[in-house]
>>> print(open('model_27.cif').read())   # mmCIF, C-alpha atoms
data_data
loop_
_atom_site.label_atom_id
_atom_site.label_comp_id
_atom_site.auth_asym_id
_atom_site.auth_seq_id
_atom_site.Cartn_x
_atom_site.Cartn_y
_atom_site.Cartn_z
CA MET P 1 94.49 97.77 78.26
CA SER P 2 93.59 96.74 81.80
CA ILE P 3 93.08 99.21 84.65
CA LEU P 4 96.14 99.23 86.91
CA PRO P 5 96.49 99.90 90.65
CA CYS P 6 98.29 103.10 91.48
CA THR P 7 101.92 102.52 92.56
CA VAL P 8 104.15 105.58 92.49
CA ARG P 9 107.92 105.02 92.35
CA THR P 10 110.24 107.96 91.84
CA ASP P 11 113.89 108.65 91.15
CA PRO P 12 115.91 110.88 93.52
CA GLN P 13 114.58 113.98 91.73
CA GLY P 14 110.97 112.98 92.49
CA ARG P 15 110.37 112.06 88.85
CA GLU P 16 108.08 109.07 88.47
CA LEU P 17 109.81 105.95 87.17
CA ILE P 18 106.76 104.01 86.01
CA ARG P 19 106.27 103.89 82.27
CA HIS P 20 102.73 104.87 81.38
CA GLY P 21 101.54 102.81 78.44
CA THR P 22 103.88 101.93 75.60
CA ALA P 23 105.88 103.72 72.94
CA LEU P 24 103.10 102.90 70.47
CA PHE P 25 100.27 103.94 72.78
CA PRO P 26 101.56 106.27 75.53
CA ALA P 27 98.63 106.19 77.94
CA ALA P 28 97.67 104.19 81.02
CA CYS P 29 94.67 104.15 83.34
CA TYR P 30 94.75 103.64 87.09
CA HIS P 31 92.36 102.96 89.93
CA ASP P 32 93.83 105.04 92.77
CA ARG P 33 92.78 104.02 96.28
CA LEU P 34 93.81 106.70 98.74
CA ASP P 35 92.29 104.63 101.53
CA LEU P 36 95.24 102.24 101.07
CA ALA P 37 98.00 104.79 100.56
CA PRO P 38 98.34 108.46 99.59
CA VAL P 39 99.85 109.56 96.30
CA PRO P 40 103.23 111.02 97.35
CA TRP P 41 104.77 114.16 95.89
CA HIS P 42 106.04 113.36 92.39
CA TRP P 43 106.08 114.61 88.81
CA HIS P 44 106.24 113.13 85.33
CA ASP P 45 106.58 114.21 81.71
CA GLU P 46 103.03 113.11 80.89
CA TRP P 47 99.74 114.86 81.50
CA GLU P 48 97.40 113.42 84.13
CA ALA P 49 93.65 113.77 84.55
CA ALA P 50 91.37 112.16 87.11
CA VAL P 51 87.78 111.92 88.34
CA LEU P 52 86.87 111.09 91.95
CA TRP P 53 84.74 107.98 92.02
CA ARG P 54 84.25 107.73 95.77
CA GLY P 55 84.82 109.88 98.86
CA SER P 56 86.84 113.08 98.92
CA ALA P 57 90.52 113.88 98.45
CA LEU P 58 92.96 116.61 99.35
CA VAL P 59 94.84 117.27 96.10
CA ALA P 60 97.96 119.42 95.98
CA VAL P 61 99.44 120.95 92.85
CA GLU P 62 102.70 122.59 93.88
CA GLY P 63 101.64 125.29 96.38
CA GLU P 64 97.87 125.05 95.85
CA LYS P 65 95.65 122.58 97.70
CA ARG P 66 91.99 121.79 97.18
CA VAL P 67 89.51 119.34 98.69
CA LEU P 68 87.68 117.58 95.85
CA ARG P 69 84.59 115.44 96.21
CA ARG P 70 82.92 112.65 94.31
CA GLY P 71 82.35 113.57 90.68
CA GLU P 72 85.02 116.30 90.69
CA GLY P 73 88.54 115.96 89.37
CA PHE P 74 91.71 117.58 88.12
CA PHE P 75 94.23 117.99 85.30
CA ILE P 76 97.98 118.10 86.02
CA ASN P 77 100.39 119.55 83.49
CA ALA P 78 103.70 117.97 82.52
CA GLY P 79 106.59 118.36 84.94
CA VAL P 80 104.44 119.66 87.81
CA LEU P 81 104.85 118.41 91.40
CA HIS P 82 101.61 117.02 92.80
CA ALA P 83 100.26 114.74 95.52
CA ALA P 84 96.94 113.52 96.93
CA TRP P 85 95.61 112.23 100.23
CA ASP P 86 92.36 110.75 101.48
CA HIS P 87 90.25 113.44 103.12
CA ALA P 88 88.47 112.99 106.44
CA GLY P 89 88.64 109.18 106.33
CA SER P 90 86.35 109.05 103.28
CA ALA P 91 88.08 106.00 101.70
CA CYS P 92 88.65 108.04 98.56
CA GLN P 93 89.11 106.34 95.21
CA PHE P 94 89.55 107.92 91.80
CA HIS P 95 89.98 107.04 88.16
CA SER P 96 93.08 108.55 86.59
CA VAL P 97 94.53 108.64 83.10
CA VAL P 98 98.22 109.43 82.53
CA PHE P 99 99.13 110.13 78.92
CA HIS P 100 101.82 111.76 76.82
CA PRO P 101 100.75 114.90 74.93
CA ARG P 102 101.81 113.34 71.62
CA LEU P 103 98.94 110.84 71.90
CA VAL P 104 96.50 113.64 71.04
CA GLY P 105 98.90 116.07 69.39
CA GLY P 106 100.72 113.81 66.96
CA GLY P 107 103.89 115.34 65.53
CA VAL P 108 105.04 118.88 66.30
CA ASP P 109 104.25 119.89 62.73
CA SER P 110 100.56 118.96 63.04
CA VAL P 111 97.73 121.44 63.56
CA PHE P 112 96.66 119.46 66.66
CA TRP P 113 100.04 119.98 68.30
CA GLN P 114 100.55 123.60 67.32
CA LYS P 115 96.99 124.83 67.95
CA TYR P 116 95.94 122.80 71.00
CA VAL P 117 98.83 120.93 72.65
CA GLN P 118 101.68 123.43 72.47
CA PRO P 119 99.72 126.21 74.23
CA LEU P 120 99.15 123.85 77.18
CA LEU P 121 102.87 123.18 77.44
CA GLU P 122 104.04 126.79 77.27
CA GLY P 123 104.91 129.03 80.17
CA GLY P 124 101.56 130.76 80.46
CA ALA P 125 99.60 127.52 80.66
CA PRO P 126 98.03 126.37 83.95
CA ARG P 127 100.16 124.18 86.19
CA GLY P 128 97.03 122.32 87.18
CA VAL P 129 93.27 122.70 86.85
CA PHE P 130 90.75 121.70 89.51
CA LEU P 131 87.52 120.56 87.85
CA ASP P 132 84.63 121.16 90.26
CA ARG P 133 81.66 121.01 87.84
CA SER P 134 80.99 124.73 88.33
CA ALA P 135 80.97 125.38 84.59
CA ARG P 136 79.81 123.42 81.59
CA TRP P 137 83.35 122.95 80.27
CA HIS P 138 84.32 121.48 83.66
CA ARG P 139 81.58 118.89 83.34
CA GLU P 140 82.45 118.08 79.74
CA ALA P 141 86.13 117.72 80.66
CA LEU P 142 85.26 115.33 83.49
CA GLU P 143 83.02 113.29 81.19
CA ALA P 144 85.89 113.04 78.71
CA VAL P 145 88.29 111.75 81.39
CA GLU P 146 85.82 109.11 82.54
CA ALA P 147 85.12 108.07 78.94
CA ALA P 148 88.85 107.59 78.31
CA TRP P 149 89.17 105.56 81.51
CA GLN P 150 86.23 103.32 80.69
CA ALA P 151 87.49 102.76 77.14
CA CYS P 152 90.91 101.72 78.50
CA GLY P 153 89.29 99.17 80.76
CA SER P 154 87.00 97.74 78.11
CA GLU P 155 89.78 96.66 75.70
CA GLN P 156 87.16 96.47 72.98
CA PRO P 157 88.48 96.32 69.40
CA GLY P 158 89.63 99.80 68.44
CA TYR P 159 89.55 101.08 72.03
CA GLU P 160 92.68 103.11 71.28
CA PHE P 161 90.62 105.35 68.98
CA SER P 162 88.04 105.85 71.74
CA VAL P 163 90.70 106.76 74.30
CA ARG P 164 92.41 109.21 71.97
CA ALA P 165 89.08 110.79 70.99
CA ALA P 166 88.04 111.25 74.63
CA LEU P 167 91.41 112.76 75.60
CA SER P 168 91.23 115.06 72.59
CA ARG P 169 87.87 116.32 73.91
CA LEU P 170 89.54 116.92 77.28
CA VAL P 171 92.30 119.00 75.71
CA LEU P 172 89.72 120.99 73.75
CA GLN P 173 87.84 121.81 76.97
CA LEU P 174 91.05 122.86 78.73
CA GLU P 175 91.45 125.53 76.08
CA ARG P 176 88.59 127.29 77.87
CA TYR P 177 90.60 127.65 81.07
CA PRO P 178 90.48 131.40 81.87
CA ARG P 179 93.87 133.09 81.65
CA PRO P 180 95.21 136.44 80.49
CA SER P 181 95.59 136.71 76.72
CA ALA P 182 99.20 137.80 77.04
CA GLU P 183 100.48 136.08 80.17
CA PRO P 184 104.25 136.49 80.45
CA PRO P 185 106.56 133.46 80.46
CA PRO P 186 107.97 132.25 83.80
CA THR P 187 110.44 134.64 85.38
CA GLU P 188 114.06 133.72 86.00
CA LYS P 189 113.19 133.60 89.70
CA ALA P 190 110.38 131.08 89.13
CA LEU P 191 112.64 128.89 87.02
CA ARG P 192 115.40 129.13 89.62
CA ASP P 193 112.98 128.21 92.41
CA GLY P 194 111.87 125.17 90.43
CA GLU P 195 115.45 123.96 90.07
CA ARG P 196 116.14 124.57 93.75
CA ILE P 197 113.10 122.66 94.99
CA ARG P 198 113.92 119.67 92.79
CA THR P 199 117.53 119.69 94.00
CA MET P 200 116.39 119.74 97.63
CA ILE P 201 113.80 117.00 97.06
CA GLN P 202 116.51 114.92 95.39
CA PHE P 203 118.73 115.38 98.47
CA ILE P 204 115.92 114.51 100.89
CA GLN P 205 114.93 111.36 99.00
CA ALA P 206 118.53 110.20 98.78
CA HIS P 207 119.16 110.71 102.51
CA CYS P 208 115.72 110.36 104.15
CA GLY P 209 116.90 107.45 106.31
CA GLU P 210 119.67 109.57 107.85
CA GLU P 211 119.69 112.34 110.42
CA LEU P 212 118.83 115.49 108.47
CA THR P 213 118.49 119.14 109.40
CA ALA P 214 116.95 122.07 107.60
CA ALA P 215 120.44 123.53 107.27
CA GLN P 216 121.66 120.45 105.40
CA ILE P 217 118.65 120.50 103.08
CA ALA P 218 119.22 124.18 102.35
CA ALA P 219 122.94 123.61 101.76
CA SER P 220 122.19 120.95 99.13
CA ALA P 221 120.83 123.74 96.91
CA ALA P 222 123.29 126.39 98.13
CA VAL P 223 120.58 128.54 99.71
CA SER P 224 119.89 129.86 103.20
CA GLU P 225 117.48 128.12 105.57
CA SER P 226 114.96 130.93 105.16
CA GLU P 227 115.16 130.64 101.37
CA CYS P 228 114.76 126.88 101.64
CA LEU P 229 111.62 127.35 103.73
CA ARG P 230 110.23 129.89 101.27
CA CYS P 231 110.85 127.59 98.28
CA PHE P 232 109.11 124.64 99.93
CA ARG P 233 106.12 126.69 101.03
CA ALA P 234 105.77 128.25 97.59
CA ALA P 235 106.20 125.01 95.62
CA ILE P 236 104.45 122.33 97.69
CA GLY P 237 102.87 124.18 100.59
CA VAL P 238 104.73 122.56 103.48
CA PRO P 239 108.10 123.28 105.16
CA PRO P 240 111.03 120.96 104.35
CA MET P 241 111.04 119.07 107.65
CA GLN P 242 107.32 118.32 107.33
CA TYR P 243 107.91 117.02 103.80
CA LEU P 244 110.75 114.85 105.16
CA ARG P 245 108.51 113.42 107.88
CA GLN P 246 105.73 112.66 105.37
CA LEU P 247 108.20 110.90 103.09
CA ARG P 248 109.57 108.82 105.97
CA LEU P 249 106.09 107.79 107.08
CA GLN P 250 105.09 106.81 103.55
CA LYS P 251 108.22 104.67 103.19
CA ALA P 252 107.56 103.11 106.60
CA ALA P 253 103.99 102.19 105.61
CA GLU P 254 105.31 100.51 102.47
CA LEU P 255 107.91 98.51 104.40
CA LEU P 256 105.32 97.40 106.96
CA GLN P 257 103.23 95.92 104.16
CA THR P 258 106.02 94.37 102.10
CA THR P 259 108.72 93.15 104.52
CA GLN P 260 109.10 91.15 107.71
CA LEU P 261 111.31 93.76 109.37
CA ARG P 262 110.60 94.42 113.03
CA VAL P 263 108.63 97.63 113.63
CA ALA P 264 111.63 99.27 115.32
CA ASP P 265 113.85 98.35 112.37
CA VAL P 266 111.33 99.80 109.92
CA GLY P 267 111.37 103.04 111.88
CA ALA P 268 115.16 103.14 111.99
CA ARG P 269 115.50 102.42 108.28
CA CYS P 270 113.15 105.32 107.56
CA GLY P 271 115.00 107.80 109.76
CA PHE P 272 113.13 107.37 113.07
CA GLN P 273 115.89 106.43 115.48
CA ASP P 274 113.56 106.64 118.51
CA ALA P 275 111.09 103.74 118.31
CA SER P 276 108.56 105.38 120.64
CA TYR P 277 108.59 108.59 118.57
CA PHE P 278 108.11 106.53 115.42
CA THR P 279 105.08 104.79 116.93
CA LYS P 280 103.62 108.08 118.19
CA THR P 281 104.12 109.86 114.84
CA PHE P 282 102.78 106.91 112.84
CA ARG P 283 99.70 106.70 115.09
CA GLU P 284 99.02 110.42 114.57
CA TRP P 285 99.19 109.86 110.81
CA LYS P 286 97.28 106.59 110.42
CA GLY P 287 95.23 106.47 113.60
CA CYS P 288 96.82 103.18 114.69
CA SER P 289 100.21 101.79 115.70
CA PRO P 290 102.64 100.48 113.07
CA GLY P 291 101.97 96.92 114.21
CA ALA P 292 98.22 97.33 113.96
CA TYR P 293 98.62 98.90 110.52
CA ARG P 294 100.66 95.91 109.36
CA ARG P 295 98.00 93.47 110.59
CA LYS P 296 95.19 95.51 109.03
CA LYS P 297 96.92 95.69 105.66
CA GLY P 298 97.97 92.04 105.69
CA GLY P 299 101.68 92.79 105.75
CA THR P 300 104.12 89.89 105.66
#
>>> encode(input="model_27.cif", output="structure tokens")
Amino acid sequence: MSILPCTVRTDPQGRELIRHGTALFPAACYHDRLDLAPVPWHWHDEWEAAVLWRGSALVAVEGEKRVLRRGEGFFINAGVLHAAWDHAGSACQFHSVVFHPRLVGGGVDSVFWQKYVQPLLEGGAPRGVFLDRSARWHREALEAVEAAWQACGSEQPGYEFSVRAALSRLVLQLERYPRPSAEPPPTEKALRDGERIRTMIQFIQAHCGEELTAAQIAASAAVSESECLRCFRAAIGVPPMQYLRQLRLQKAAELLQTTQLRVADVGARCGFQDASYFTKTFREWKGCSPGAYRRKKGGT
């Protein structure tokens, strides 16, 4: 299995559309280059684990953010919103593995699923784990991720066994994640907040090229503006209008690289009706004008 470049495409709910691996072998490995583009907010049914290979990254798992450096990494649980950005112009790159829990757990009636996989999928399990090498199990987990990634890229005969064995070691190390022995399941409020944030993200992604207000975003989930703000800050750490602006800029960067649209038309298509404001906002984000960004990235 070859190593793939990271390209995140999502449905209106923010769920990733890319199929990771195959039905027979549900795992895929990626070489993520945050110097080319950030990883936008998204979620998927699979688990994800990564090791930073170069530079440093700002990684967000719902409301928690952490700067990770070379040699550190993370684990993201299924169904959890997450994103990542290059930090301080470090040209960050990382190796990531996205895999379905059944690859290591087998069927739900197996001891592997019931003893090791199911506890990681239940309510008391961590939403994400930042692996900073501060403990031995952190280091062993990171080594397991890198071993799985290298085995994927090698495509040596029987590499599937090597990948599954390495990811099994990762899951075993994650069992050491410190948590209360009797952590309660998610509250009704937490579950309701999760539904609300996904509804609002769905609305924003479906209408990001239009004029939008915080009131409209809140109304899409039948909540007040203050409740909308609270949900966004709790779930992904930024207010809704900042999330909207980030999404628009990410879409604009993609269009600049893949289309021949005029810069002003790119801005308008992504919701920036004022061309000068689009240029100013894009420059603040990327450190250069949209036109310069297109030339630098070899856009058509």
>>> residues_near_point(input="model_27.cif", point="(83.7, 114.8, 89.7)", cutoff="7 Å", atoms="only C-alpha atoms", output="MDAnalysis selection string")
chainID P and resid 51:52 69:73 132:133 142
>>> residues_around(input="model_27.cif", residues="P:Cys208", least_positions_apart="5", cutoff="8 Å", atoms="all atoms listed in the file", output="list in words")
Leu244, Leu247, Arg248, Cys270 and Gly271 of chain P
>>> residues_around(input="model_27.cif", residues="stretch 285-290 of chain P", least_positions_apart="3", cutoff="8 Å", atoms="all atoms listed in the file", output="ChimeraX atom specification")
/P:253,256,263,279-282,293-294
>>> residues_near_point(input="model_27.cif", point="(95.2, 118.8, 73.3)", cutoff="12 Å", atoms="only C-alpha atoms", output="PyMOL selection string")
chain P and resi 47+77+99-106+110-121+141+164-176
>>> resolve_selection(input="model_27.cif", expression="the PyMOL selection byres ((chain P and resi 22-30) around 12)", output="PDB file with C-alpha atoms, in the coordinates of the input")
ATOM      1  CA  MET P   1      94.490  97.770  78.260  1.00  0.00           C
ATOM      2  CA  SER P   2      93.590  96.740  81.800  1.00  0.00           C
ATOM      3  CA  ILE P   3      93.080  99.210  84.650  1.00  0.00           C
ATOM      4  CA  LEU P   4      96.140  99.230  86.910  1.00  0.00           C
ATOM      5  CA  PRO P   5      96.490  99.900  90.650  1.00  0.00           C
ATOM      6  CA  CYS P   6      98.290 103.100  91.480  1.00  0.00           C
ATOM      7  CA  THR P   7     101.920 102.520  92.560  1.00  0.00           C
ATOM      8  CA  VAL P   8     104.150 105.580  92.490  1.00  0.00           C
ATOM      9  CA  ILE P  18     106.760 104.010  86.010  1.00  0.00           C
ATOM     10  CA  ARG P  19     106.270 103.890  82.270  1.00  0.00           C
ATOM     11  CA  HIS P  20     102.730 104.870  81.380  1.00  0.00           C
ATOM     12  CA  GLY P  21     101.540 102.810  78.440  1.00  0.00           C
ATOM     13  CA  HIS P  31      92.360 102.960  89.930  1.00  0.00           C
ATOM     14  CA  ASP P  32      93.830 105.040  92.770  1.00  0.00           C
ATOM     15  CA  ARG P  33      92.780 104.020  96.280  1.00  0.00           C
ATOM     16  CA  ASP P  45     106.580 114.210  81.710  1.00  0.00           C
ATOM     17  CA  GLU P  46     103.030 113.110  80.890  1.00  0.00           C
ATOM     18  CA  TRP P  47      99.740 114.860  81.500  1.00  0.00           C
ATOM     19  CA  GLU P  48      97.400 113.420  84.130  1.00  0.00           C
ATOM     20  CA  ALA P  49      93.650 113.770  84.550  1.00  0.00           C
ATOM     21  CA  ALA P  50      91.370 112.160  87.110  1.00  0.00           C
ATOM     22  CA  VAL P  51      87.780 111.920  88.340  1.00  0.00           C
ATOM     23  CA  LEU P  52      86.870 111.090  91.950  1.00  0.00           C
ATOM     24  CA  TRP P  53      84.740 107.980  92.020  1.00  0.00           C
ATOM     25  CA  GLN P  93      89.110 106.340  95.210  1.00  0.00           C
ATOM     26  CA  PHE P  94      89.550 107.920  91.800  1.00  0.00           C
ATOM     27  CA  HIS P  95      89.980 107.040  88.160  1.00  0.00           C
ATOM     28  CA  SER P  96      93.080 108.550  86.590  1.00  0.00           C
ATOM     29  CA  VAL P  97      94.530 108.640  83.100  1.00  0.00           C
ATOM     30  CA  VAL P  98      98.220 109.430  82.530  1.00  0.00           C
ATOM     31  CA  PHE P  99      99.130 110.130  78.920  1.00  0.00           C
ATOM     32  CA  HIS P 100     101.820 111.760  76.820  1.00  0.00           C
ATOM     33  CA  PRO P 101     100.750 114.900  74.930  1.00  0.00           C
ATOM     34  CA  ARG P 102     101.810 113.340  71.620  1.00  0.00           C
ATOM     35  CA  LEU P 103      98.940 110.840  71.900  1.00  0.00           C
ATOM     36  CA  VAL P 104      96.500 113.640  71.040  1.00  0.00           C
ATOM     37  CA  GLY P 105      98.900 116.070  69.390  1.00  0.00           C
ATOM     38  CA  GLY P 106     100.720 113.810  66.960  1.00  0.00           C
ATOM     39  CA  VAL P 145      88.290 111.750  81.390  1.00  0.00           C
ATOM     40  CA  GLU P 146      85.820 109.110  82.540  1.00  0.00           C
ATOM     41  CA  ALA P 147      85.120 108.070  78.940  1.00  0.00           C
ATOM     42  CA  ALA P 148      88.850 107.590  78.310  1.00  0.00           C
ATOM     43  CA  TRP P 149      89.170 105.560  81.510  1.00  0.00           C
ATOM     44  CA  GLN P 150      86.230 103.320  80.690  1.00  0.00           C
ATOM     45  CA  ALA P 151      87.490 102.760  77.140  1.00  0.00           C
ATOM     46  CA  CYS P 152      90.910 101.720  78.500  1.00  0.00           C
ATOM     47  CA  GLY P 153      89.290  99.170  80.760  1.00  0.00           C
ATOM     48  CA  SER P 154      87.000  97.740  78.110  1.00  0.00           C
ATOM     49  CA  GLU P 155      89.780  96.660  75.700  1.00  0.00           C
ATOM     50  CA  TYR P 159      89.550 101.080  72.030  1.00  0.00           C
ATOM     51  CA  GLU P 160      92.680 103.110  71.280  1.00  0.00           C
ATOM     52  CA  PHE P 161      90.620 105.350  68.980  1.00  0.00           C
ATOM     53  CA  VAL P 163      90.700 106.760  74.300  1.00  0.00           C
ATOM     54  CA  ARG P 164      92.410 109.210  71.970  1.00  0.00           C
ATOM     55  CA  LEU P 167      91.410 112.760  75.600  1.00  0.00           C
TER      56      LEU P 167
END
>>> resolve_selection(input="model_27.cif", expression="the PyMOL selection byres ((chain P and resi 188-202) around 9)", output="PyMOL selection string")
chain P and resi 11-14+186-187+203-207+217-223+228+231-232+234-235+240+243-244
>>> write_last_selection(input="model_27.cif", atoms="C-alpha atoms", output="JSON list (two decimals), in the coordinates of the input")
[["chain", "number", "residue", "atom", "x", "y", "z"],
["P", 11, "ASP", "CA", 113.89, 108.65, 91.15],
["P", 12, "PRO", "CA", 115.91, 110.88, 93.52],
["P", 13, "GLN", "CA", 114.58, 113.98, 91.73],
["P", 14, "GLY", "CA", 110.97, 112.98, 92.49],
["P", 186, "PRO", "CA", 107.97, 132.25, 83.80],
["P", 187, "THR", "CA", 110.44, 134.64, 85.38],
["P", 203, "PHE", "CA", 118.73, 115.38, 98.47],
["P", 204, "ILE", "CA", 115.92, 114.51, 100.89],
["P", 205, "GLN", "CA", 114.93, 111.36, 99.00],
["P", 206, "ALA", "CA", 118.53, 110.20, 98.78],
["P", 207, "HIS", "CA", 119.16, 110.71, 102.51],
["P", 217, "ILE", "CA", 118.65, 120.50, 103.08],
["P", 218, "ALA", "CA", 119.22, 124.18, 102.35],
["P", 219, "ALA", "CA", 122.94, 123.61, 101.76],
["P", 220, "SER", "CA", 122.19, 120.95, 99.13],
["P", 221, "ALA", "CA", 120.83, 123.74, 96.91],
["P", 222, "ALA", "CA", 123.29, 126.39, 98.13],
["P", 223, "VAL", "CA", 120.58, 128.54, 99.71],
["P", 228, "CYS", "CA", 114.76, 126.88, 101.64],
["P", 231, "CYS", "CA", 110.85, 127.59, 98.28],
["P", 232, "PHE", "CA", 109.11, 124.64, 99.93],
["P", 234, "ALA", "CA", 105.77, 128.25, 97.59],
["P", 235, "ALA", "CA", 106.20, 125.01, 95.62],
["P", 240, "PRO", "CA", 111.03, 120.96, 104.35],
["P", 243, "TYR", "CA", 107.91, 117.02, 103.80],
["P", 244, "LEU", "CA", 110.75, 114.85, 105.16]]
>>> atom_distance(input="model_27.cif", atom1="atom CA of P:Met241", atom2="atom CA of P:Gly209")
13.1 Å
>>> atom_distance(input="model_27.cif", atom1="atom CA of P:Arg127", atom2="atom CA of P:Ala84")
15.5 Å
>>> closest_residue(input="model_27.cif", among="P:Asp35, P:Glu62, P:Asp274, P:Glu284", to="P:Ile76", atoms="all atoms listed in the file")
P:Glu62
>>> atom_distance(input="model_27.cif", atom1="atom CA of P:Gly89", atom2="atom CA of P:Val39")
15.0 Å
>>> resolve_selection(input="model_27.cif", expression="the PyMOL selection byres ((chain P and resi 298) around 12)", output="PyMOL selection string")
chain P and resi 36+253-260+291-297+299-300
>>> closest_residue(input="model_27.cif", among="P:Leu249, P:Ile236, P:Leu261, P:Ala78", to="P:Gly123", atoms="all atoms listed in the file")
P:Ala78
